[in-house]
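Text of run-v6.txt (compact mmCIF, N, CA and C atoms) as supplied:
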```txt
# COMPACT_ATOMS: atom_id res chain seq x y z
N MET Z 1 87.46 -83.56 96.31
CA MET Z 1 87.06 -83.81 94.94
C MET Z 1 87.03 -85.32 94.70
N PRO Z 2 85.94 -85.85 94.15
CA PRO Z 2 85.87 -87.28 93.89
C PRO Z 2 86.86 -87.71 92.81
N LYS Z 3 87.34 -88.91 92.92
CA LYS Z 3 88.24 -89.46 91.91
C LYS Z 3 87.42 -89.86 90.68
N GLY Z 4 88.11 -90.08 89.59
CA GLY Z 4 87.50 -90.56 88.36
C GLY Z 4 88.04 -91.93 88.03
N TYR Z 5 87.27 -92.68 87.29
CA TYR Z 5 87.65 -94.05 86.95
C TYR Z 5 87.34 -94.34 85.50
N ILE Z 6 88.23 -95.07 84.85
CA ILE Z 6 87.92 -95.70 83.58
C ILE Z 6 87.70 -97.17 83.90
N ILE Z 7 86.55 -97.68 83.50
CA ILE Z 7 86.21 -99.09 83.71
C ILE Z 7 86.03 -99.72 82.34
N ALA Z 8 86.71 -100.81 82.10
CA ALA Z 8 86.65 -101.47 80.80
C ALA Z 8 86.32 -102.95 80.96
N HIS Z 9 85.46 -103.42 80.09
CA HIS Z 9 85.16 -104.85 79.97
C HIS Z 9 85.55 -105.23 78.56
N ILE Z 10 86.46 -106.16 78.44
CA ILE Z 10 87.11 -106.44 77.16
C ILE Z 10 87.05 -107.92 76.84
N ARG Z 11 86.79 -108.21 75.58
CA ARG Z 11 86.92 -109.57 75.05
C ARG Z 11 87.98 -109.52 73.98
N VAL Z 12 89.14 -110.11 74.27
CA VAL Z 12 90.26 -110.09 73.34
C VAL Z 12 89.99 -111.06 72.21
N THR Z 13 90.09 -110.56 70.98
CA THR Z 13 89.86 -111.40 69.80
C THR Z 13 91.16 -111.77 69.09
N ASP Z 14 92.24 -111.04 69.37
CA ASP Z 14 93.54 -111.33 68.79
C ASP Z 14 94.59 -111.23 69.91
N PRO Z 15 94.81 -112.34 70.63
CA PRO Z 15 95.72 -112.30 71.77
C PRO Z 15 97.18 -112.02 71.41
N ASP Z 16 97.54 -112.18 70.15
CA ASP Z 16 98.92 -111.89 69.75
C ASP Z 16 99.16 -110.38 69.66
N ARG Z 17 98.15 -109.60 69.31
CA ARG Z 17 98.30 -108.15 69.16
C ARG Z 17 97.98 -107.37 70.44
N TYR Z 18 97.14 -107.92 71.28
CA TYR Z 18 96.68 -107.18 72.46
C TYR Z 18 97.82 -106.71 73.38
N PRO Z 19 98.87 -107.51 73.61
CA PRO Z 19 99.94 -107.04 74.49
C PRO Z 19 100.60 -105.74 74.02
N GLU Z 20 100.62 -105.48 72.73
CA GLU Z 20 101.16 -104.21 72.24
C GLU Z 20 100.33 -103.04 72.75
N TYR Z 21 99.01 -103.19 72.76
CA TYR Z 21 98.14 -102.15 73.30
C TYR Z 21 98.45 -101.92 74.77
N VAL Z 22 98.54 -102.98 75.54
CA VAL Z 22 98.79 -102.87 76.98
C VAL Z 22 100.13 -102.16 77.23
N ARG Z 23 101.15 -102.53 76.47
CA ARG Z 23 102.48 -101.93 76.64
C ARG Z 23 102.45 -100.44 76.32
N ARG Z 24 101.70 -100.05 75.30
CA ARG Z 24 101.71 -98.66 74.87
C ARG Z 24 100.72 -97.78 75.61
N ASP Z 25 99.62 -98.34 76.11
CA ASP Z 25 98.64 -97.48 76.78
C ASP Z 25 99.05 -97.12 78.20
N THR Z 26 99.80 -98.00 78.85
CA THR Z 26 100.13 -97.80 80.25
C THR Z 26 100.83 -96.47 80.52
N PRO Z 27 101.92 -96.13 79.83
CA PRO Z 27 102.58 -94.85 80.16
C PRO Z 27 101.71 -93.63 79.87
N ILE Z 28 100.85 -93.71 78.87
CA ILE Z 28 99.97 -92.58 78.56
C ILE Z 28 98.99 -92.36 79.70
N LEU Z 29 98.31 -93.42 80.12
CA LEU Z 29 97.30 -93.30 81.17
C LEU Z 29 97.94 -92.92 82.50
N GLU Z 30 99.11 -93.45 82.78
CA GLU Z 30 99.81 -93.08 84.02
C GLU Z 30 100.23 -91.62 84.01
N SER Z 31 100.50 -91.05 82.83
CA SER Z 31 100.90 -89.65 82.76
C SER Z 31 99.77 -88.70 83.16
N PHE Z 32 98.53 -89.19 83.16
CA PHE Z 32 97.36 -88.42 83.61
C PHE Z 32 97.03 -88.72 85.07
N GLY Z 33 97.92 -89.44 85.75
CA GLY Z 33 97.69 -89.79 87.15
C GLY Z 33 96.95 -91.10 87.32
N GLY Z 34 96.79 -91.85 86.23
CA GLY Z 34 96.07 -93.12 86.29
C GLY Z 34 96.83 -94.16 87.08
N ARG Z 35 96.08 -94.93 87.85
CA ARG Z 35 96.64 -96.04 88.64
C ARG Z 35 95.74 -97.25 88.40
N PHE Z 36 96.34 -98.32 87.90
CA PHE Z 36 95.57 -99.53 87.60
C PHE Z 36 95.20 -100.24 88.90
N ILE Z 37 93.90 -100.32 89.14
CA ILE Z 37 93.37 -101.00 90.32
C ILE Z 37 93.11 -102.47 89.98
N VAL Z 38 92.53 -102.69 88.81
CA VAL Z 38 92.24 -104.04 88.30
C VAL Z 38 92.74 -104.07 86.87
N ARG Z 39 93.46 -105.12 86.52
CA ARG Z 39 93.91 -105.28 85.14
C ARG Z 39 94.03 -106.76 84.86
N GLY Z 40 92.97 -107.31 84.30
CA GLY Z 40 92.95 -108.75 84.07
C GLY Z 40 92.66 -109.47 85.38
N GLY Z 41 93.26 -110.61 85.55
CA GLY Z 41 93.02 -111.38 86.77
C GLY Z 41 91.71 -112.14 86.70
N ARG Z 42 91.46 -112.92 87.71
CA ARG Z 42 90.25 -113.73 87.74
C ARG Z 42 89.02 -112.85 87.89
N GLY Z 43 87.95 -113.24 87.26
CA GLY Z 43 86.69 -112.53 87.38
C GLY Z 43 85.55 -113.44 86.97
N LYS Z 44 84.40 -113.18 87.50
CA LYS Z 44 83.21 -113.96 87.16
C LYS Z 44 82.05 -113.00 87.02
N VAL Z 45 81.43 -113.00 85.85
CA VAL Z 45 80.26 -112.15 85.62
C VAL Z 45 79.08 -112.79 86.35
N MET Z 46 78.52 -112.06 87.28
CA MET Z 46 77.43 -112.60 88.09
C MET Z 46 76.06 -112.27 87.49
N GLU Z 47 75.96 -111.19 86.75
CA GLU Z 47 74.71 -110.81 86.10
C GLU Z 47 75.05 -110.10 84.80
N GLY Z 48 74.25 -110.30 83.78
CA GLY Z 48 74.46 -109.62 82.52
C GLY Z 48 75.61 -110.23 81.73
N GLU Z 49 76.13 -109.44 80.78
CA GLU Z 49 77.20 -109.89 79.92
C GLU Z 49 78.37 -108.91 79.99
N ALA Z 50 79.56 -109.44 79.95
CA ALA Z 50 80.77 -108.63 79.94
C ALA Z 50 81.85 -109.44 79.27
N GLY Z 51 82.95 -108.79 78.95
CA GLY Z 51 84.07 -109.50 78.35
C GLY Z 51 84.75 -110.41 79.35
N ASP Z 52 85.88 -110.96 78.93
CA ASP Z 52 86.61 -111.88 79.81
C ASP Z 52 87.78 -111.19 80.50
N ARG Z 53 87.97 -109.92 80.22
CA ARG Z 53 89.05 -109.15 80.84
C ARG Z 53 88.44 -107.86 81.38
N HIS Z 54 88.77 -107.52 82.61
CA HIS Z 54 88.19 -106.34 83.25
C HIS Z 54 89.32 -105.45 83.75
N VAL Z 55 89.14 -104.14 83.56
CA VAL Z 55 90.17 -103.17 83.93
C VAL Z 55 89.50 -102.01 84.65
N VAL Z 56 90.08 -101.59 85.77
CA VAL Z 56 89.64 -100.39 86.49
C VAL Z 56 90.88 -99.54 86.71
N ILE Z 57 90.82 -98.29 86.22
CA ILE Z 57 91.92 -97.36 86.37
C ILE Z 57 91.42 -96.17 87.16
N GLU Z 58 92.09 -95.85 88.26
CA GLU Z 58 91.71 -94.72 89.11
C GLU Z 58 92.52 -93.48 88.71
N PHE Z 59 91.83 -92.34 88.66
CA PHE Z 59 92.46 -91.06 88.33
C PHE Z 59 92.19 -90.07 89.46
N PRO Z 60 92.99 -89.00 89.55
CA PRO Z 60 92.78 -88.02 90.62
C PRO Z 60 91.41 -87.34 90.57
N SER Z 61 90.79 -87.30 89.37
CA SER Z 61 89.49 -86.65 89.22
C SER Z 61 88.77 -87.23 88.01
N TYR Z 62 87.49 -86.96 87.94
CA TYR Z 62 86.68 -87.35 86.78
C TYR Z 62 87.24 -86.69 85.52
N GLN Z 63 87.60 -85.40 85.63
CA GLN Z 63 88.14 -84.69 84.47
C GLN Z 63 89.45 -85.31 83.99
N ALA Z 64 90.30 -85.72 84.91
CA ALA Z 64 91.56 -86.37 84.53
C ALA Z 64 91.29 -87.67 83.78
N ALA Z 65 90.28 -88.43 84.20
CA ALA Z 65 89.92 -89.67 83.50
C ALA Z 65 89.43 -89.36 82.09
N LEU Z 66 88.57 -88.34 81.96
CA LEU Z 66 88.09 -87.94 80.63
C LEU Z 66 89.25 -87.47 79.76
N ASP Z 67 90.13 -86.66 80.34
CA ASP Z 67 91.27 -86.15 79.58
C ASP Z 67 92.17 -87.28 79.10
N ALA Z 68 92.39 -88.27 79.94
CA ALA Z 68 93.23 -89.41 79.57
C ALA Z 68 92.60 -90.17 78.40
N TYR Z 69 91.30 -90.45 78.52
CA TYR Z 69 90.63 -91.19 77.45
C TYR Z 69 90.64 -90.41 76.14
N ASN Z 70 90.41 -89.11 76.21
CA ASN Z 70 90.32 -88.28 75.01
C ASN Z 70 91.66 -87.82 74.46
N ASP Z 71 92.74 -88.10 75.16
CA ASP Z 71 94.06 -87.70 74.71
C ASP Z 71 94.34 -88.27 73.31
N PRO Z 72 94.80 -87.45 72.37
CA PRO Z 72 95.08 -87.94 71.02
C PRO Z 72 96.07 -89.10 70.99
N GLY Z 73 97.08 -89.07 71.85
CA GLY Z 73 98.03 -90.18 71.91
C GLY Z 73 97.37 -91.47 72.35
N TYR Z 74 96.49 -91.36 73.36
CA TYR Z 74 95.77 -92.56 73.80
C TYR Z 74 94.83 -93.05 72.71
N GLN Z 75 94.14 -92.14 72.06
CA GLN Z 75 93.20 -92.56 71.01
C GLN Z 75 93.92 -93.26 69.86
N GLU Z 76 95.13 -92.84 69.57
CA GLU Z 76 95.93 -93.53 68.54
C GLU Z 76 96.21 -94.96 68.97
N VAL Z 77 96.64 -95.13 70.22
CA VAL Z 77 96.92 -96.47 70.74
C VAL Z 77 95.64 -97.29 70.88
N ALA Z 78 94.53 -96.64 71.21
CA ALA Z 78 93.25 -97.34 71.36
C ALA Z 78 92.82 -98.01 70.07
N GLU Z 79 93.29 -97.51 68.93
CA GLU Z 79 92.97 -98.17 67.65
C GLU Z 79 93.52 -99.59 67.62
N ILE Z 80 94.63 -99.82 68.29
CA ILE Z 80 95.16 -101.19 68.38
C ILE Z 80 94.16 -102.07 69.11
N ARG Z 81 93.67 -101.57 70.27
CA ARG Z 81 92.68 -102.34 71.04
C ARG Z 81 91.44 -102.59 70.21
N ARG Z 82 90.97 -101.57 69.53
CA ARG Z 82 89.75 -101.73 68.73
C ARG Z 82 89.91 -102.76 67.62
N SER Z 83 91.15 -102.96 67.16
CA SER Z 83 91.37 -103.92 66.08
C SER Z 83 91.57 -105.35 66.59
N CYS Z 84 91.80 -105.50 67.90
CA CYS Z 84 92.08 -106.85 68.40
C CYS Z 84 91.23 -107.23 69.61
N ALA Z 85 90.20 -106.43 69.89
CA ALA Z 85 89.34 -106.73 71.04
C ALA Z 85 88.00 -106.01 70.88
N GLU Z 86 86.99 -106.56 71.53
CA GLU Z 86 85.69 -105.89 71.65
C GLU Z 86 85.64 -105.32 73.05
N SER Z 87 85.28 -104.04 73.17
CA SER Z 87 85.39 -103.38 74.47
C SER Z 87 84.16 -102.56 74.79
N VAL Z 88 83.85 -102.49 76.07
CA VAL Z 88 82.92 -101.51 76.63
C VAL Z 88 83.76 -100.68 77.59
N ILE Z 89 83.83 -99.37 77.35
CA ILE Z 89 84.65 -98.47 78.16
C ILE Z 89 83.72 -97.43 78.77
N VAL Z 90 83.82 -97.24 80.08
CA VAL Z 90 82.98 -96.28 80.79
C VAL Z 90 83.89 -95.40 81.64
N VAL Z 91 83.65 -94.09 81.62
CA VAL Z 91 84.32 -93.16 82.51
C VAL Z 91 83.30 -92.75 83.56
N VAL Z 92 83.65 -92.93 84.83
CA VAL Z 92 82.69 -92.63 85.92
C VAL Z 92 83.37 -91.79 86.99
N GLU Z 93 82.54 -91.02 87.69
CA GLU Z 93 83.00 -90.26 88.83
C GLU Z 93 82.81 -91.09 90.08
N GLY Z 94 83.83 -91.11 90.94
CA GLY Z 94 83.74 -91.85 92.19
C GLY Z 94 82.86 -91.14 93.21
N HIS Z 95 82.64 -91.82 94.29
CA HIS Z 95 81.83 -91.30 95.38
C HIS Z 95 82.74 -90.50 96.32
N GLN Z 96 82.28 -89.35 96.72
CA GLN Z 96 83.10 -88.51 97.59
C GLN Z 96 82.88 -88.87 99.04
```
Translate this file's structure into structure tokens.
Amino acid sequence: MPKGYIIAHIRVTDPDRYPEYVRRDTPILESFGGRFIVRGGRGKVMEGEAGDRHVVIEFPSYQAALDAYNDPGYQEVAEIRRSCAESVIVVVEGHQ
């Protein structure tokens, strides 16, 4: 079964509030089997436009990634991100 991924491109607009989102989202996403592959770090957009922060989270399956994103607890915490960052979030199925 192919793995699932949440891929996020984020531009933080309120750096004082964003760490609260990071602290609170991590245990929720990990409870669905999520493993952070990329979380911040150096990056350079080679084509197109993206935020200044990039995140890739690997899940055991595409469905697990969808379930994690749609979880009511995660959606509550995601409101913090939405209030302090501009984000593009994509859930994708990996290659088998």
* Asked: Which residue gives the smallest distance to Z:Thr26 among Z:Ile80, Z:Ala65, Z:Ile89, Z:Ile57, with only C-alpha atoms counted?
  -> Z:Ile57
* To do: Select, from Z:Asp25, Z:Tyr18, Z:Met1, Z:Ile7, the residue with the minimum atom-to-atom distance to Z:Val55, counting only N, CA and C atoms.
  =>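 The shortest atom-to-atom distance to Z:Val55 comes from Z:Ile7.
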Please list as a tab-separated table (two decimals) with N, CA and C atoms, keeping the file's coordinate frame every residue within 6 Å of Z:Val56, counting only C-alpha atoms and excluding residues in the same chain fewer than 4 positions away.
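And here is the file that came out, result39.tsv:
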```tsv
chain	number	residue	atom	x	y	z
Z	6	ILE	N	88.23	-95.07	84.85
Z	6	ILE	CA	87.92	-95.70	83.58
Z	6	ILE	C	87.70	-97.17	83.90
Z	7	ILE	N	86.55	-97.68	83.50
Z	7	ILE	CA	86.21	-99.09	83.71
Z	7	ILE	C	86.03	-99.72	82.34
Z	37	ILE	N	93.90	-100.32	89.14
Z	37	ILE	CA	93.37	-101.00	90.32
Z	37	ILE	C	93.11	-102.47	89.98
Z	38	VAL	N	92.53	-102.69	88.81
Z	38	VAL	CA	92.24	-104.04	88.30
Z	38	VAL	C	92.74	-104.07	86.87
```
* Using only N, CA and C atoms, determine which residues lie at most 5 Å from Z:Gly34, disregarding the query and same-chain residues fewer than 3 positions distant; provide the list as number ranges by chain. => Z: 29-30, 58-59
Give me, as a PDB file with N, CA and C atoms, in the frame of the given file, the residues of chain Z that a backbone DSSP run labels strand (DSSP E).
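Written file, selection_18.pdb:
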```pdb
ATOM      1  N   GLY Z   4      88.110 -90.080  89.590  1.00  0.00           N
ATOM      2  CA  GLY Z   4      87.500 -90.560  88.360  1.00  0.00           C
ATOM      3  C   GLY Z   4      88.040 -91.930  88.030  1.00  0.00           C
ATOM      4  N   TYR Z   5      87.270 -92.680  87.290  1.00  0.00           N
ATOM      5  CA  TYR Z   5      87.650 -94.050  86.950  1.00  0.00           C
ATOM      6  C   TYR Z   5      87.340 -94.340  85.500  1.00  0.00           C
ATOM      7  N   ILE Z   6      88.230 -95.070  84.850  1.00  0.00           N
ATOM      8  CA  ILE Z   6      87.920 -95.700  83.580  1.00  0.00           C
ATOM      9  C   ILE Z   6      87.700 -97.170  83.900  1.00  0.00           C
ATOM     10  N   ILE Z   7      86.550 -97.680  83.500  1.00  0.00           N
ATOM     11  CA  ILE Z   7      86.210 -99.090  83.710  1.00  0.00           C
ATOM     12  C   ILE Z   7      86.030 -99.720  82.340  1.00  0.00           C
ATOM     13  N   ALA Z   8      86.710-100.810  82.100  1.00  0.00           N
ATOM     14  CA  ALA Z   8      86.650-101.470  80.800  1.00  0.00           C
ATOM     15  C   ALA Z   8      86.320-102.950  80.960  1.00  0.00           C
ATOM     16  N   HIS Z   9      85.460-103.420  80.090  1.00  0.00           N
ATOM     17  CA  HIS Z   9      85.160-104.850  79.970  1.00  0.00           C
ATOM     18  C   HIS Z   9      85.550-105.230  78.560  1.00  0.00           C
ATOM     19  N   ILE Z  10      86.460-106.160  78.440  1.00  0.00           N
ATOM     20  CA  ILE Z  10      87.110-106.440  77.160  1.00  0.00           C
ATOM     21  C   ILE Z  10      87.050-107.920  76.840  1.00  0.00           C
ATOM     22  N   ARG Z  11      86.790-108.210  75.580  1.00  0.00           N
ATOM     23  CA  ARG Z  11      86.920-109.570  75.050  1.00  0.00           C
ATOM     24  C   ARG Z  11      87.980-109.520  73.980  1.00  0.00           C
ATOM     25  N   VAL Z  12      89.140-110.110  74.270  1.00  0.00           N
ATOM     26  CA  VAL Z  12      90.260-110.090  73.340  1.00  0.00           C
ATOM     27  C   VAL Z  12      89.990-111.060  72.210  1.00  0.00           C
ATOM     28  N   ARG Z  35      96.080 -94.930  87.850  1.00  0.00           N
ATOM     29  CA  ARG Z  35      96.640 -96.040  88.640  1.00  0.00           C
ATOM     30  C   ARG Z  35      95.740 -97.250  88.400  1.00  0.00           C
ATOM     31  N   PHE Z  36      96.340 -98.320  87.900  1.00  0.00           N
ATOM     32  CA  PHE Z  36      95.570 -99.530  87.600  1.00  0.00           C
ATOM     33  C   PHE Z  36      95.200-100.240  88.900  1.00  0.00           C
ATOM     34  N   ILE Z  37      93.900-100.320  89.140  1.00  0.00           N
ATOM     35  CA  ILE Z  37      93.370-101.000  90.320  1.00  0.00           C
ATOM     36  C   ILE Z  37      93.110-102.470  89.980  1.00  0.00           C
ATOM     37  N   VAL Z  38      92.530-102.690  88.810  1.00  0.00           N
ATOM     38  CA  VAL Z  38      92.240-104.040  88.300  1.00  0.00           C
ATOM     39  C   VAL Z  38      92.740-104.070  86.870  1.00  0.00           C
ATOM     40  N   ARG Z  39      93.460-105.120  86.520  1.00  0.00           N
ATOM     41  CA  ARG Z  39      93.910-105.280  85.140  1.00  0.00           C
ATOM     42  C   ARG Z  39      94.030-106.760  84.860  1.00  0.00           C
ATOM     43  N   ARG Z  53      87.970-109.920  80.220  1.00  0.00           N
ATOM     44  CA  ARG Z  53      89.050-109.150  80.840  1.00  0.00           C
ATOM     45  C   ARG Z  53      88.440-107.860  81.380  1.00  0.00           C
ATOM     46  N   HIS Z  54      88.770-107.520  82.610  1.00  0.00           N
ATOM     47  CA  HIS Z  54      88.190-106.340  83.250  1.00  0.00           C
ATOM     48  C   HIS Z  54      89.320-105.450  83.750  1.00  0.00           C
ATOM     49  N   VAL Z  55      89.140-104.140  83.560  1.00  0.00           N
ATOM     50  CA  VAL Z  55      90.170-103.170  83.930  1.00  0.00           C
ATOM     51  C   VAL Z  55      89.500-102.010  84.650  1.00  0.00           C
ATOM     52  N   VAL Z  56      90.080-101.590  85.770  1.00  0.00           N
ATOM     53  CA  VAL Z  56      89.640-100.390  86.490  1.00  0.00           C
ATOM     54  C   VAL Z  56      90.880 -99.540  86.710  1.00  0.00           C
ATOM     55  N   ILE Z  57      90.820 -98.290  86.220  1.00  0.00           N
ATOM     56  CA  ILE Z  57      91.920 -97.360  86.370  1.00  0.00           C
ATOM     57  C   ILE Z  57      91.420 -96.170  87.160  1.00  0.00           C
ATOM     58  N   GLU Z  58      92.090 -95.850  88.260  1.00  0.00           N
ATOM     59  CA  GLU Z  58      91.710 -94.720  89.110  1.00  0.00           C
ATOM     60  C   GLU Z  58      92.520 -93.480  88.710  1.00  0.00           C
ATOM     61  N   PHE Z  59      91.830 -92.340  88.660  1.00  0.00           N
ATOM     62  CA  PHE Z  59      92.460 -91.060  88.330  1.00  0.00           C
ATOM     63  C   PHE Z  59      92.190 -90.070  89.460  1.00  0.00           C
ATOM     64  N   ALA Z  85      90.200-106.430  69.890  1.00  0.00           N
ATOM     65  CA  ALA Z  85      89.340-106.730  71.040  1.00  0.00           C
ATOM     66  C   ALA Z  85      88.000-106.010  70.880  1.00  0.00           C
ATOM     67  N   GLU Z  86      86.990-106.560  71.530  1.00  0.00           N
ATOM     68  CA  GLU Z  86      85.690-105.890  71.650  1.00  0.00           C
ATOM     69  C   GLU Z  86      85.640-105.320  73.050  1.00  0.00           C
ATOM     70  N   SER Z  87      85.280-104.040  73.170  1.00  0.00           N
ATOM     71  CA  SER Z  87      85.390-103.380  74.470  1.00  0.00           C
ATOM     72  C   SER Z  87      84.160-102.560  74.790  1.00  0.00           C
ATOM     73  N   VAL Z  88      83.850-102.490  76.070  1.00  0.00           N
ATOM     74  CA  VAL Z  88      82.920-101.510  76.630  1.00  0.00           C
ATOM     75  C   VAL Z  88      83.760-100.680  77.590  1.00  0.00           C
ATOM     76  N   ILE Z  89      83.830 -99.370  77.350  1.00  0.00           N
ATOM     77  CA  ILE Z  89      84.650 -98.470  78.160  1.00  0.00           C
ATOM     78  C   ILE Z  89      83.720 -97.430  78.770  1.00  0.00           C
ATOM     79  N   VAL Z  90      83.820 -97.240  80.080  1.00  0.00           N
ATOM     80  CA  VAL Z  90      82.980 -96.280  80.790  1.00  0.00           C
ATOM     81  C   VAL Z  90      83.890 -95.400  81.640  1.00  0.00           C
ATOM     82  N   VAL Z  91      83.650 -94.090  81.620  1.00  0.00           N
ATOM     83  CA  VAL Z  91      84.320 -93.160  82.510  1.00  0.00           C
ATOM     84  C   VAL Z  91      83.300 -92.750  83.560  1.00  0.00           C
ATOM     85  N   VAL Z  92      83.650 -92.930  84.830  1.00  0.00           N
ATOM     86  CA  VAL Z  92      82.690 -92.630  85.920  1.00  0.00           C
ATOM     87  C   VAL Z  92      83.370 -91.790  86.990  1.00  0.00           C
ATOM     88  N   GLU Z  93      82.540 -91.020  87.690  1.00  0.00           N
ATOM     89  CA  GLU Z  93      83.000 -90.260  88.830  1.00  0.00           C
ATOM     90  C   GLU Z  93      82.810 -91.090  90.080  1.00  0.00           C
TER      91      GLU Z  93
END
```
* If you measure from atom CA of Z:Glu20 to atom CA of Z:Tyr5, what distance in Å do you get, rounded to one decimal? ->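 That distance, rounded to one decimal, is 22.4 Å.
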* Asked: atom CA of Z:Pro60 and atom CA of Z:Arg82 are how many Å apart?
  ->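 Those two atoms sit 26.0 Å apart.
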* Any idea what the distance is between atom CA of Z:Glu86 and atom CA of Z:His54? ->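 Taking atom CA of Z:Glu86 and atom CA of Z:His54, their separation equals 11.9 Å.
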* To do: Choose the residue, out of Z:Tyr21, Z:Lys3, Z:Val45, Z:Asp14, that has the smallest atom-to-atom separation from Z:Ala78; count only N, CA and C atoms.
  =>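 Using only N, CA and C atoms, Z:Ala78 sits closest to Z:Tyr21.
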* Asked: Restricting the calculation to only C-alpha atoms, which member of Z:Ile10, Z:Leu66, Z:Ile28, Z:Val22 is positioned closest to Z:Val88?
  -> Z:Ile10
* **Expected answer as number ranges by chain: helix (DSSP H, G or I) residues in chain Z** => Z: 18-31, 62-70, 72-84
* Using only C-alpha atoms, collect all residues at a distance of at most 12 Å from (80.3, -109.4, 81.5) as written in the file, then present them as an MDAnalysis selection string. => chainID Z and resid 8:11 43:55 86:88
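For the choices Z:Tyr62, Z:Gln96, Z:Pro27, Z:Gly33, the atom-to-atom distance to Z:Tyr74 is smallest for Z:Pro27 when using only C-alpha atoms.
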Kindly compute an axis-aligned box around the listed atoms of stretch 63-74 of chain Z, allowing 4 Å on each side, and express its centre and edge lengths in Å to one decimal as AutoDock Vina command-line options.
```
--center_x 92.8 --center_y -88.9 --center_z 78.3 --size_x 18.4 --size_y 16.4 --size_z 22.6
```
